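Student: What follows is structure30.txt; its format and atoms are compact mmCIF, C-alpha atoms.
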# COMPACT_ATOMS: atom_id res chain seq x y z
CA MET F 1 0.00 0.00 0.00
CA CYS F 2 1.43 3.38 -0.90
CA HIS F 3 0.34 6.95 -0.56
CA GLY F 4 0.35 9.31 -3.50
CA VAL F 5 1.90 12.74 -3.26
CA TYR F 6 0.37 16.04 -4.14
CA ILE F 7 2.22 16.42 -7.40
CA MET F 8 0.71 19.78 -8.22
CA ASP F 9 3.45 21.21 -6.01
CA ILE F 10 6.27 19.61 -8.00
CA SER F 11 7.76 21.41 -11.02
CA ASP F 12 7.22 20.17 -14.58
CA ASN F 13 10.95 19.56 -15.01
CA THR F 14 11.07 17.38 -11.91
CA ILE F 15 8.05 15.37 -13.07
CA LYS F 16 9.65 14.96 -16.52
CA ARG F 17 12.87 13.67 -14.97
CA ILE F 18 10.99 11.30 -12.68
CA CYS F 19 9.08 9.98 -15.71
CA SER F 20 12.44 9.35 -17.41
CA ILE F 21 13.74 7.60 -14.31
CA PHE F 22 10.62 5.46 -14.31
CA GLY F 23 11.19 4.58 -17.99
CA SER F 24 14.80 3.61 -17.28
CA LEU F 25 13.77 1.45 -14.34
CA SER F 26 11.18 -0.25 -16.54
CA ALA F 27 13.81 -1.12 -19.12
CA MET F 28 16.25 -2.35 -16.42
CA GLU F 29 13.59 -4.50 -14.82
CA LYS F 30 12.94 -6.19 -18.17
CA ARG F 31 16.67 -6.89 -18.51
CA GLY F 32 16.70 -8.40 -15.01
CA VAL F 33 18.81 -5.69 -13.35
CA GLU F 34 18.33 -5.80 -9.57
CA PHE F 35 20.07 -2.69 -8.22
CA VAL F 36 20.97 0.66 -9.68
CA SER F 37 22.99 3.56 -8.26
CA SER F 38 21.87 7.17 -8.47
CA LYS F 39 24.97 7.75 -10.63
CA GLU F 40 23.87 5.14 -13.16
CA LEU F 41 20.33 6.56 -13.20
CA ALA F 42 21.78 10.03 -13.74
CA GLY F 43 23.72 8.71 -16.73
CA TYR F 44 20.57 7.16 -18.19
CA ILE F 45 18.46 10.28 -17.98
CA GLY F 46 21.22 12.79 -18.71
CA SER F 47 21.18 14.48 -15.32
CA THR F 48 23.33 14.57 -12.18
CA GLU F 49 23.52 12.14 -9.29
CA TYR F 50 22.48 14.88 -6.89
CA THR F 51 19.39 15.78 -8.94
CA VAL F 52 18.30 12.14 -9.19
CA ARG F 53 18.51 11.67 -5.43
CA LYS F 54 16.71 14.96 -4.82
CA ASP F 55 13.93 14.14 -7.32
CA ILE F 56 13.33 10.75 -5.76
CA SER F 57 13.35 12.12 -2.24
CA ILE F 58 10.84 14.84 -3.19
CA LEU F 59 8.38 12.01 -3.73
CA GLY F 60 9.06 10.80 -0.22
CA VAL F 61 10.70 7.63 -1.49
CA THR F 62 13.55 6.27 0.60
CA GLY F 63 15.45 3.00 0.28
CA TYR F 64 18.90 3.87 -1.04
CA THR F 65 21.18 1.04 0.08
CA ARG F 66 24.88 0.41 -0.40
CA ARG F 67 24.03 -1.50 -3.55
CA GLY F 68 21.88 1.40 -4.78
CA TYR F 69 18.14 1.50 -5.30
CA GLU F 70 16.33 -1.79 -5.68
CA VAL F 71 15.07 -1.52 -9.28
CA SER F 72 11.63 -3.09 -9.13
CA GLY F 73 10.93 -1.70 -5.66
CA LEU F 74 11.73 1.85 -6.73
CA LYS F 75 9.78 1.39 -9.96
CA LYS F 76 6.74 0.25 -8.00
CA GLU F 77 6.99 3.22 -5.64
CA LEU F 78 7.30 5.75 -8.46
CA GLU F 79 4.41 4.06 -10.27
CA CYS F 80 2.25 4.58 -7.23
CA LYS F 81 3.38 8.13 -6.49
CA LEU F 82 2.82 9.20 -10.09
CA ASN F 83 -0.45 7.34 -10.25
CA LEU F 84 0.72 5.23 -13.20
CA SER F 85 -0.49 1.83 -12.10
CA LYS F 86 -3.90 2.19 -13.72
CA LYS F 87 -3.96 1.64 -17.50
CA LYS F 88 -4.72 4.97 -19.22
CA LYS F 89 -6.91 5.15 -22.28
CA ALA F 90 -5.82 7.32 -25.18
CA CYS F 91 -6.99 8.05 -28.71
CA ILE F 92 -5.16 9.28 -31.80
CA VAL F 93 -6.62 11.90 -34.12
CA GLY F 94 -5.21 12.00 -37.63
CA LEU F 95 -4.32 8.69 -39.25
CA GLY F 96 -1.76 9.71 -41.84
CA ARG F 97 1.65 8.08 -41.73
CA LEU F 98 2.62 9.53 -38.37
CA GLY F 99 -0.78 8.76 -36.82
CA THR F 100 -0.78 5.16 -38.02
CA ALA F 101 2.81 4.73 -36.86
CA LEU F 102 1.65 5.86 -33.41
CA LEU F 103 -1.39 3.59 -33.58
CA ASP F 104 0.92 0.59 -33.58
CA TYR F 105 3.72 2.06 -31.46
CA GLU F 106 4.72 -1.01 -29.47
CA LYS F 107 5.82 0.81 -26.33
CA PHE F 108 2.53 2.54 -25.52
CA GLN F 109 0.76 -0.70 -24.70
CA GLU F 110 3.70 -2.12 -22.76
CA ASP F 111 3.95 0.97 -20.64
CA GLY F 112 0.47 1.36 -19.27
CA PHE F 113 -1.27 3.16 -22.10
CA GLU F 114 -4.03 1.72 -24.17
CA ILE F 115 -4.82 3.27 -27.53
CA VAL F 116 -8.52 2.51 -27.74
CA ALA F 117 -9.53 4.52 -30.81
CA GLY F 118 -8.24 6.33 -33.88
CA PHE F 119 -10.01 9.08 -35.81
CA ASP F 120 -9.61 10.59 -39.24
CA CYS F 121 -11.72 12.86 -41.43
CA SER F 122 -11.25 10.65 -44.49
CA ILE F 123 -13.60 7.66 -44.68
CA ASN F 124 -11.49 6.26 -47.53
CA ARG F 125 -8.39 6.25 -45.37
CA ILE F 126 -10.25 4.63 -42.48
CA GLU F 127 -11.57 1.87 -44.69
CA ARG F 128 -8.15 1.10 -46.12
CA LEU F 129 -6.39 0.99 -42.73
CA ASN F 130 -5.06 -2.31 -41.54
CA THR F 131 -4.92 -2.16 -37.74
CA HIS F 132 -6.34 -4.04 -34.79
CA ILE F 133 -7.40 -0.77 -33.15
CA GLU F 134 -10.90 0.54 -33.82
CA VAL F 135 -10.92 3.56 -36.12
CA PHE F 136 -13.73 6.04 -36.66
CA GLN F 137 -14.73 8.96 -38.78
CA ILE F 138 -13.95 12.16 -36.87
CA SER F 139 -17.63 13.03 -36.39
CA TYR F 140 -17.78 10.20 -33.82
CA LEU F 141 -15.00 11.79 -31.73
CA LYS F 142 -17.07 13.19 -28.89
CA ASP F 143 -19.37 10.19 -28.44
CA THR F 144 -16.53 7.69 -28.57
CA ILE F 145 -14.37 9.57 -26.06
CA GLN F 146 -17.25 9.80 -23.61
CA GLN F 147 -18.48 6.22 -24.05
CA ARG F 148 -15.00 4.75 -23.65
CA SER F 149 -13.79 7.16 -20.94
CA ILE F 150 -10.76 8.18 -22.98
CA GLU F 151 -8.54 10.47 -20.94
CA LEU F 152 -5.69 11.36 -23.28
CA GLY F 153 -5.77 12.72 -26.83
CA ILE F 154 -2.88 12.42 -29.25
CA ILE F 155 -2.99 14.89 -32.15
CA ALA F 156 -1.36 13.89 -35.43
CA VAL F 157 -3.29 16.02 -37.92
CA PRO F 158 -1.76 18.73 -40.15
CA ALA F 159 -0.93 22.03 -38.44
CA LYS F 160 -3.93 23.87 -39.84
CA SER F 161 -6.49 21.54 -38.20
CA ALA F 162 -4.71 21.02 -34.88
CA GLN F 163 -6.41 23.75 -32.83
CA GLU F 164 -9.88 22.66 -33.92
CA VAL F 165 -9.13 19.04 -33.05
CA ALA F 166 -7.75 20.10 -29.66
CA ASP F 167 -10.91 22.10 -28.94
CA ASP F 168 -13.06 19.08 -29.82
CA LEU F 169 -10.96 16.75 -27.65
CA ILE F 170 -11.25 19.11 -24.70
CA GLU F 171 -14.98 19.55 -25.18
CA ALA F 172 -15.30 15.77 -25.23
CA GLY F 173 -13.54 15.60 -21.86
CA VAL F 174 -9.92 14.52 -22.26
CA LYS F 175 -7.60 15.65 -19.48
CA GLY F 176 -4.37 15.79 -21.42
CA ILE F 177 -3.14 16.34 -24.97
CA LEU F 178 0.05 15.24 -26.69
CA ASN F 179 0.48 17.29 -29.84
CA PHE F 180 2.53 16.07 -32.80
CA ALA F 181 1.28 18.75 -35.20
CA PRO F 182 4.01 21.31 -35.89
CA VAL F 183 2.05 24.21 -34.40
CA LYS F 184 1.41 25.80 -31.03
CA ILE F 185 -2.03 24.97 -29.62
CA GLY F 186 -3.85 27.01 -27.00
CA VAL F 187 -5.51 25.05 -24.18
CA PRO F 188 -7.28 26.02 -20.94
CA LYS F 189 -5.25 25.85 -17.73
CA HIS F 190 -6.77 22.60 -16.45
CA ILE F 191 -5.62 20.68 -19.54
CA ILE F 192 -2.14 19.16 -19.45
CA TYR F 193 -0.48 19.84 -22.77
CA LEU F 194 2.79 18.71 -24.29
CA GLU F 195 4.21 19.18 -27.76
CA MET F 196 6.49 16.77 -29.58
CA ASP F 197 8.41 19.30 -31.59
CA PHE F 198 10.72 17.34 -33.89
CA THR F 199 12.26 20.45 -35.41
CA ASN F 200 13.12 21.82 -32.00
CA ALA F 201 14.83 18.57 -31.12
CA LEU F 202 16.95 18.72 -34.26
CA ARG F 203 17.66 22.39 -33.57
CA PHE F 204 18.91 21.54 -30.10
CA ILE F 205 21.27 18.92 -31.50
CA ALA F 206 22.51 21.29 -34.18
CA ALA F 207 23.09 24.12 -31.70
CA ARG F 208 24.71 21.88 -29.12
CA SER F 209 27.05 20.26 -31.61
CA SER F 210 27.90 23.76 -32.95
CA LEU F 211 27.81 22.49 -36.48
CA MET H 212 27.55 40.79 -38.39
CA CYS H 213 27.20 38.89 -35.16
CA HIS H 214 29.50 36.97 -32.89
CA GLY H 215 28.68 33.47 -31.73
CA VAL H 216 28.87 32.50 -28.09
CA TYR H 217 30.70 29.62 -26.56
CA ILE H 218 27.62 27.53 -26.01
CA MET H 219 29.50 24.66 -24.40
CA ASP H 220 29.22 26.69 -21.19
CA ILE H 221 25.43 26.92 -21.35
CA SER H 222 23.27 24.18 -19.82
CA ASP H 223 21.21 21.79 -21.95
CA ASN H 224 17.98 23.07 -20.43
CA THR H 225 18.85 26.65 -21.33
CA ILE H 226 19.72 25.67 -24.91
CA LYS H 227 16.45 23.73 -25.16
CA ARG H 228 14.46 26.74 -23.99
CA ILE H 229 16.29 29.06 -26.37
CA CYS H 230 15.54 26.65 -29.22
CA SER H 231 11.85 26.81 -28.23
CA ILE H 232 12.00 30.61 -28.12
CA PHE H 233 13.55 30.54 -31.58
CA GLY H 234 10.75 28.29 -32.85
CA SER H 235 8.10 30.62 -31.40
CA LEU H 236 9.75 33.67 -32.97
CA SER H 237 9.83 31.85 -36.31
CA ALA H 238 6.10 31.19 -36.13
CA MET H 239 5.38 34.79 -35.08
CA GLU H 240 7.48 36.19 -37.88
CA LYS H 241 5.47 34.16 -40.39
CA ARG H 242 2.25 35.58 -38.92
CA GLY H 243 3.66 39.09 -39.25
CA VAL H 244 4.00 39.80 -35.52
CA GLU H 245 6.44 42.67 -34.95
CA PHE H 246 7.03 42.81 -31.20
CA VAL H 247 6.74 40.30 -28.38
CA SER H 248 7.09 40.69 -24.62
CA SER H 249 9.09 38.33 -22.46
CA LYS H 250 5.78 37.46 -20.78
CA GLU H 251 4.24 36.35 -24.07
CA LEU H 252 7.35 34.36 -24.96
CA ALA H 253 7.22 32.70 -21.53
CA GLY H 254 3.61 31.69 -22.21
CA TYR H 255 4.59 30.21 -25.56
CA ILE H 256 7.39 28.06 -24.25
CA GLY H 257 5.83 27.23 -20.88
CA SER H 258 8.37 29.05 -18.74
CA THR H 259 8.58 32.25 -16.69
CA GLU H 260 9.21 35.80 -17.80
CA TYR H 261 12.32 35.96 -15.64
CA THR H 262 13.77 32.78 -17.19
CA VAL H 263 13.13 34.00 -20.73
CA ARG H 264 14.94 37.29 -20.06
CA LYS H 265 17.80 35.49 -18.35
CA ASP H 266 18.15 32.93 -21.18
CA ILE H 267 18.25 35.64 -23.81
CA SER H 268 20.72 37.74 -21.86
CA ILE H 269 23.03 34.73 -21.36
CA LEU H 270 23.54 34.84 -25.11
CA GLY H 271 24.58 38.46 -24.84
CA VAL H 272 21.50 39.62 -26.73
CA THR H 273 20.08 42.97 -25.68
CA GLY H 274 17.31 45.02 -27.26
CA TYR H 275 14.31 44.78 -24.95
CA THR H 276 12.24 47.89 -25.63
CA ARG H 277 9.00 49.15 -24.13
CA ARG H 278 7.16 47.31 -26.90
CA GLY H 279 9.11 44.13 -26.12
CA TYR H 280 11.62 42.33 -28.27
CA GLU H 281 11.57 43.02 -31.98
CA VAL H 282 10.57 39.60 -33.35
CA SER H 283 12.65 39.27 -36.50
CA GLY H 284 15.64 41.06 -34.95
CA LEU H 285 15.71 38.73 -31.96
CA LYS H 286 15.17 35.72 -34.20
CA LYS H 287 18.12 36.75 -36.35
CA GLU H 288 20.34 37.21 -33.28
CA LEU H 289 19.43 33.83 -31.80
CA GLU H 290 19.96 32.22 -35.20
CA CYS H 291 23.46 33.58 -35.28
CA LYS H 292 24.31 32.79 -31.66
CA LEU H 293 23.07 29.22 -32.00
CA ASN H 294 24.76 28.86 -35.36
CA LEU H 295 21.46 28.00 -37.08
CA SER H 296 21.78 30.15 -40.18
CA LYS H 297 23.52 27.46 -42.23
CA LYS H 298 21.24 24.74 -43.60
CA LYS H 299 22.03 21.45 -41.82
CA LYS H 300 21.99 18.16 -43.67
CA ALA H 301 20.33 15.18 -42.04
CA CYS H 302 19.45 11.61 -42.98
CA ILE H 303 16.80 9.21 -41.74
CA VAL H 304 17.52 5.56 -41.07
CA GLY H 305 14.51 3.25 -41.04
CA LEU H 306 11.75 3.93 -43.54
CA GLY H 307 8.74 2.30 -41.91
CA ARG H 308 5.69 4.43 -41.25
CA LEU H 309 7.40 6.70 -38.74
CA GLY H 310 10.51 7.09 -40.90
CA THR H 311 8.54 7.94 -44.03
CA ALA H 312 6.38 10.35 -42.05
CA LEU H 313 9.60 12.09 -40.97
CA LEU H 314 10.94 12.02 -44.53
CA ASP H 315 8.15 14.35 -45.58
CA TYR H 316 7.78 16.27 -42.31
CA GLU H 317 7.05 19.74 -43.69
CA LYS H 318 8.67 21.69 -40.88
CA PHE H 319 12.20 20.29 -41.18
CA GLN H 320 12.82 21.91 -44.54
CA GLU H 321 11.23 25.21 -43.53
CA ASP H 322 13.36 25.43 -40.43
CA GLY H 323 16.86 25.07 -41.75
CA PHE H 324 17.19 21.32 -41.99
CA GLU H 325 17.55 19.41 -45.19
CA ILE H 326 16.79 15.70 -45.24
CA VAL H 327 19.16 14.60 -47.98
CA ALA H 328 18.89 10.82 -47.72
CA GLY H 329 16.85 7.96 -46.32
CA PHE H 330 18.06 4.43 -45.60
CA ASP H 331 16.38 1.10 -45.03
CA CYS H 332 17.51 -2.51 -44.98
CA SER H 333 14.65 -3.64 -47.21
CA ILE H 334 15.20 -3.14 -50.95
CA ASN H 335 11.53 -3.93 -51.53
CA ARG H 336 10.44 -1.12 -49.26
CA ILE H 337 12.87 1.32 -50.88
CA GLU H 338 11.61 0.48 -54.34
CA ARG H 339 7.98 0.96 -53.35
CA LEU H 340 8.54 4.31 -51.62
CA ASN H 341 7.04 7.38 -53.19
CA THR H 342 9.15 10.35 -52.05
CA HIS H 343 11.21 13.10 -53.64
CA ILE H 344 14.09 12.38 -51.26
CA GLU H 345 16.78 9.95 -52.35
CA VAL H 346 16.59 6.61 -50.56
CA PHE H 347 19.26 3.94 -50.31
CA GLN H 348 19.85 0.45 -49.10
CA ILE H 349 21.50 0.64 -45.67
CA SER H 350 24.82 -0.74 -46.94
CA TYR H 351 25.37 2.65 -48.62
CA LEU H 352 25.05 4.50 -45.31
CA LYS H 353 28.70 5.31 -44.67
CA ASP H 354 29.59 6.34 -48.22
CA THR H 355 26.49 8.49 -48.63
CA ILE H 356 26.99 10.30 -45.32
CA GLN H 357 30.57 11.09 -46.17
CA GLN H 358 29.97 12.09 -49.77
CA ARG H 359 27.08 14.38 -48.87
CA SER H 360 28.57 15.75 -45.63
CA ILE H 361 25.54 14.71 -43.61
CA GLU H 362 25.88 15.96 -40.05
CA LEU H 363 22.75 14.69 -38.31
CA GLY H 364 21.30 11.19 -38.16
CA ILE H 365 17.66 10.46 -37.34
CA ILE H 366 17.00 6.91 -36.17
CA ALA H 367 13.57 5.39 -36.83
CA VAL H 368 14.37 1.69 -36.85
CA PRO H 369 12.94 -0.89 -34.41
CA ALA H 370 14.48 -0.90 -30.91
CA LYS H 371 16.58 -3.99 -31.49
CA SER H 372 18.57 -2.43 -34.38
CA ALA H 373 18.93 1.08 -32.98
CA GLN H 374 22.34 0.72 -31.30
CA GLU H 375 23.92 -0.83 -34.37
CA VAL H 376 22.55 1.93 -36.59
CA ALA H 377 23.82 4.57 -34.15
CA ASP H 378 27.29 3.01 -34.18
CA ASP H 379 27.30 3.06 -38.00
CA LEU H 380 26.14 6.68 -38.11
CA ILE H 381 28.86 7.72 -35.69
CA GLU H 382 31.52 5.80 -37.57
CA ALA H 383 30.37 7.53 -40.75
CA GLY H 384 30.92 10.89 -39.07
CA VAL H 385 27.60 12.41 -37.97
CA LYS H 386 27.85 14.87 -35.08
CA GLY H 387 24.40 14.43 -33.62
CA ILE H 388 21.69 11.79 -33.36
CA LEU H 389 17.96 12.14 -32.85
CA ASN H 390 16.59 8.78 -31.76
CA PHE H 391 12.95 7.78 -32.28
CA ALA H 392 13.49 4.10 -31.46
CA PRO H 393 12.00 3.23 -28.07
CA VAL H 394 15.33 2.26 -26.52
CA LYS H 395 18.29 3.90 -24.81
CA ILE H 396 21.34 4.20 -27.08
CA GLY H 397 24.90 4.60 -25.86
CA VAL H 398 27.03 7.21 -27.66
CA PRO H 399 30.51 8.64 -27.11
CA LYS H 400 30.76 11.98 -25.31
CA HIS H 401 31.45 14.09 -28.41
CA ILE H 402 28.15 13.02 -30.02
CA ILE H 403 25.08 15.09 -29.23
CA TYR H 404 22.22 12.73 -28.56
CA LEU H 405 18.52 13.26 -27.97
CA GLU H 406 15.67 10.79 -27.64
CA MET H 407 12.09 11.39 -28.70
CA ASP H 408 10.42 9.23 -26.11
CA PHE H 409 6.70 9.23 -26.90
CA THR H 410 5.81 7.03 -23.94
CA ASN H 411 7.59 9.34 -21.56
CA ALA H 412 5.65 12.27 -22.95
CA LEU H 413 2.34 10.47 -22.39
CA ARG H 414 3.52 9.43 -18.93
CA PHE H 415 4.26 13.05 -18.05
CA ILE H 416 0.77 14.10 -19.13
CA ALA H 417 -0.82 11.24 -17.21
CA ALA H 418 1.15 12.01 -14.05
CA ARG H 419 0.60 15.74 -14.27
CA SER H 420 -3.11 15.41 -14.84
CA SER H 421 -3.25 12.92 -11.93
CA LEU H 422 -5.62 10.71 -13.83
Let me see the structure of the file written as structure tokens.
Tutor:
Amino acid sequence: MCHGVYIMDISDNTIKRICSIFGSLSAMEKRGVEFVSSKELAGYIGSTEYTVRKDISILGVTGYTRRGYEVSGLKKELECKLNLSKKKKACIVGLGRLGTALLDYEKFQEDGFEIVAGFDCSINRIERLNTHIEVFQISYLKDTIQQRSIELGIIAVPAKSAQEVADDLIEAGVKGILNFAPVKIGVPKHIIYLEMDFTNALRFIAARSSL
Amino acid sequence: MCHGVYIMDISDNTIKRICSIFGSLSAMEKRGVEFVSSKELAGYIGSTEYTVRKDISILGVTGYTRRGYEVSGLKKELECKLNLSKKKKACIVGLGRLGTALLDYEKFQEDGFEIVAGFDCSINRIERLNTHIEVFQISYLKDTIQQRSIELGIIAVPAKSAQEVADDLIEAGVKGILNFAPVKIGVPKHIIYLEMDFTNALRFIAARSSL
């Protein structure tokens, strides 16, 4: 039995790092690793030993031994603190190449997320799709999200439609949005929003490597 | 005429934020916006006004007026400081759905990156691909990268092949790697490495929205 923490008080950057730590622990557990030091964890997530220890202690997790953290124990604790033990339902809007790639992205299912629906505006495209996930015409978005209690929306439509899709997702009741469209979307404060900006990632690498 | 800064001294998080600021300025410039306040910029990149001002001043950029920063002037200065004015050549390895989606990702070309080659191990897949970018069988990786002076490698192969592909890219001479494969890759210190971890992004949203 574990007690969650009030994560509203923790900064976005800390939560992001803890999510990375969780991902690393997941991978280690699969490889059968039993113990991990804060130094190794820091190497995995590209941070410092001090920050890793601080992040973990912010969650009220203890249990650092001479052999390091016990991998599956720490993973279980973080899972509980971050409320990740329950499978989360998500949908994908926009079933072009990126959207269909995401539809079958192996890691989502492994890692506690269930893609329960896909949507596209083109009936032709929907009919031609070969996937085991149920796909719908976009006009069924609101009903499907409500009937299936979908909590997360993933946007993979072209930039020009992204805001409209986000508005529809929010109206339908999702709590969080992951946006792959190369455009900034405005959302109300209670919606958790994250962009996957591929260009920005490349830009970072280019700047950092001082090409 | 502008002078670059020695960005090795600046933290990764700062560089990431400055890249986001640059992306926002780019979008504003296209919409014809002339001035922007540090508060607006902070809203765009999800940071604070203070941090935005500090990040920009770290680069030695001045020019905050009563109307805010001049959008295209600031963009031009950041471009120079981050060394982004030269078009960077990149290649994509792995031409499944994600890889082909990236091959035609509209924003890369607009934003100073040129995808000059794609690689896949399957000749069948290469022959069936419909793209204006040149695609090659993976055995041509090293020669093509060297002949075309490709500096950035984008990995979109399955997890199990990602490390091998990264090793080949590094041996061929790329300076930076953007990894879309859902696995941690080890790289030498002089290589700039970034992962696009979709699951981690979803996990952050799930944790933050305390589903």
Student: Extract, using all atoms listed in the file, all DNA, RNA and protein residues at most 12 Å from Gly186 (chain F), discarding same-chain residues fewer than 4 positions from it, and format them as a list in words.
Tutor: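 Non-adjacent residues within range: Ala162, Gln163, Glu164, Val165, Ala166, Asp167, Ile170, Ile177, Asn179, His190, Ile191, Ile192, Tyr193, Leu194 and Glu195 of chain F; Gly254, Tyr255, Ile256 and Gly257 of chain H.
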Student: Set the distance at 10 Å and use only C-alpha atoms: which residues neighbour Gly284 (chain H) once local chain neighbours fewer than 2 positions away are removed? I'd like the list as a PyMOL selection string.
Tutor: chain H and resi 236+240+245-246+274+280-282+286-290
Student: Include C-alpha atoms and write out the residues we just selected as a tab-separated table (two decimals), in the frame of the given file.
Tutor:
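Output saved as out.tsv:
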chain	number	residue	atom	x	y	z
H	236	LEU	CA	9.75	33.67	-32.97
H	240	GLU	CA	7.48	36.19	-37.88
H	245	GLU	CA	6.44	42.67	-34.95
H	246	PHE	CA	7.03	42.81	-31.20
H	274	GLY	CA	17.31	45.02	-27.26
H	280	TYR	CA	11.62	42.33	-28.27
H	281	GLU	CA	11.57	43.02	-31.98
H	282	VAL	CA	10.57	39.60	-33.35
H	286	LYS	CA	15.17	35.72	-34.20
H	287	LYS	CA	18.12	36.75	-36.35
H	288	GLU	CA	20.34	37.21	-33.28
H	289	LEU	CA	19.43	33.83	-31.80
H	290	GLU	CA	19.96	32.22	-35.20
Student: Distance cut-off 6 Å, counting all atoms listed in the file - which residues of chain H neighbour chain F? Return them as an MDAnalysis selection string.
Tutor: chainID H and resid 227 293 308:309 312 319 387 403 410 415:416 418
Student: With a distance cut-off of 10 Å and all atoms listed in the file, select the neighbouring residues of Glu127 (chain F), excluding the residue or stretch itself and same-chain residues fewer than 4 positions from it, and output the selection as number ranges by chain.
Tutor: F: 122-123, 135-137
Student: Have a look at CA of Val368 (chain H) and CA of Glu40 (chain F) and let me know their distance in Å, one decimal.
Tutor: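 Value for the CA of Val368 (chain H)-CA of Glu40 (chain F) distance: 25.8 Å.
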Student: Work out how far CA of Leu103 (chain F) is from CA of Ala172 (chain F), in Å to one decimal.
Tutor: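 So the two atoms, CA of Ala172 (chain F) and CA of Leu103 (chain F), lie 20.3 Å apart.
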Student: One decimal, Å: what's the distance from CA of Val247 (chain H) over to CA of Gly279 (chain H), could you say?
Tutor: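 Between CA of Val247 (chain H) and CA of Gly279 (chain H) the gap works out to 5.0 Å.
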Student: Give, as AutoDock Vina command-line options, the centre coordinates and the x, y and z edge lengths in Å to one decimal for an axis-aligned box around all listed atoms of region 276-279 of chain H, padded by 5 Å on each side.
Tutor:
--center_x 9.7 --center_y 46.6 --center_z -25.5 --size_x 15.1 --size_y 15.0 --size_z 12.8
Student: Choose the residue, out of H:Ile366, H:Leu352, H:Gln357, H:Leu306, that has the smallest atom-to-atom separation from Ile337 (chain H); count only C-alpha atoms.
Tutor: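 With only C-alpha atoms as the atom set, the closest residue is H:Leu306.
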Student: For region 279-293 of chain H, where the input has fewer atoms than it should, I would like N, CA and C atoms rebuilt and written as a PDB file, in the coordinates of the input.
Tutor:
ATOM      1  N   GLY H 279       8.647  45.520 -26.202  1.00  0.00           N
ATOM      2  CA  GLY H 279       9.110  44.130 -26.120  1.00  0.00           C
ATOM      3  C   GLY H 279      10.296  43.908 -27.027  1.00  0.00           C
ATOM      4  N   TYR H 280      10.560  42.646 -27.321  1.00  0.00           N
ATOM      5  CA  TYR H 280      11.620  42.330 -28.270  1.00  0.00           C
ATOM      6  C   TYR H 280      11.091  42.514 -29.682  1.00  0.00           C
ATOM      7  N   GLU H 281      11.949  42.935 -30.580  1.00  0.00           N
ATOM      8  CA  GLU H 281      11.570  43.020 -31.980  1.00  0.00           C
ATOM      9  C   GLU H 281      11.722  41.597 -32.543  1.00  0.00           C
ATOM     10  N   VAL H 282      10.612  41.031 -33.022  1.00  0.00           N
ATOM     11  CA  VAL H 282      10.570  39.600 -33.350  1.00  0.00           C
ATOM     12  C   VAL H 282      11.653  39.170 -34.340  1.00  0.00           C
ATOM     13  N   SER H 283      11.703  39.807 -35.519  1.00  0.00           N
ATOM     14  CA  SER H 283      12.650  39.270 -36.500  1.00  0.00           C
ATOM     15  C   SER H 283      14.099  39.608 -36.126  1.00  0.00           C
ATOM     16  N   GLY H 284      14.290  40.739 -35.414  1.00  0.00           N
ATOM     17  CA  GLY H 284      15.640  41.060 -34.950  1.00  0.00           C
ATOM     18  C   GLY H 284      16.147  40.036 -33.953  1.00  0.00           C
ATOM     19  N   LEU H 285      15.306  39.703 -32.983  1.00  0.00           N
ATOM     20  CA  LEU H 285      15.710  38.730 -31.960  1.00  0.00           C
ATOM     21  C   LEU H 285      15.924  37.358 -32.601  1.00  0.00           C
ATOM     22  N   LYS H 286      15.019  37.009 -33.524  1.00  0.00           N
ATOM     23  CA  LYS H 286      15.170  35.720 -34.200  1.00  0.00           C
ATOM     24  C   LYS H 286      16.520  35.645 -34.903  1.00  0.00           C
ATOM     25  N   LYS H 287      16.857  36.724 -35.606  1.00  0.00           N
ATOM     26  CA  LYS H 287      18.120  36.750 -36.350  1.00  0.00           C
ATOM     27  C   LYS H 287      19.308  36.626 -35.390  1.00  0.00           C
ATOM     28  N   GLU H 288      19.230  37.296 -34.246  1.00  0.00           N
ATOM     29  CA  GLU H 288      20.340  37.210 -33.280  1.00  0.00           C
ATOM     30  C   GLU H 288      20.483  35.805 -32.712  1.00  0.00           C
ATOM     31  N   LEU H 289      19.341  35.194 -32.353  1.00  0.00           N
ATOM     32  CA  LEU H 289      19.430  33.830 -31.800  1.00  0.00           C
ATOM     33  C   LEU H 289      19.963  32.870 -32.864  1.00  0.00           C
ATOM     34  N   GLU H 290      19.504  33.050 -34.081  1.00  0.00           N
ATOM     35  CA  GLU H 290      19.960  32.220 -35.200  1.00  0.00           C
ATOM     36  C   GLU H 290      21.479  32.242 -35.307  1.00  0.00           C
ATOM     37  N   CYS H 291      22.014  33.427 -35.178  1.00  0.00           N
ATOM     38  CA  CYS H 291      23.460  33.580 -35.280  1.00  0.00           C
ATOM     39  C   CYS H 291      24.163  32.972 -34.066  1.00  0.00           C
ATOM     40  N   LYS H 292      23.663  33.285 -32.879  1.00  0.00           N
ATOM     41  CA  LYS H 292      24.310  32.790 -31.660  1.00  0.00           C
ATOM     42  C   LYS H 292      24.296  31.272 -31.605  1.00  0.00           C
ATOM     43  N   LEU H 293      23.187  30.684 -32.062  1.00  0.00           N
ATOM     44  CA  LEU H 293      23.070  29.220 -32.000  1.00  0.00           C
ATOM     45  C   LEU H 293      23.630  28.568 -33.264  1.00  0.00           C
TER      46      LEU H 293
END
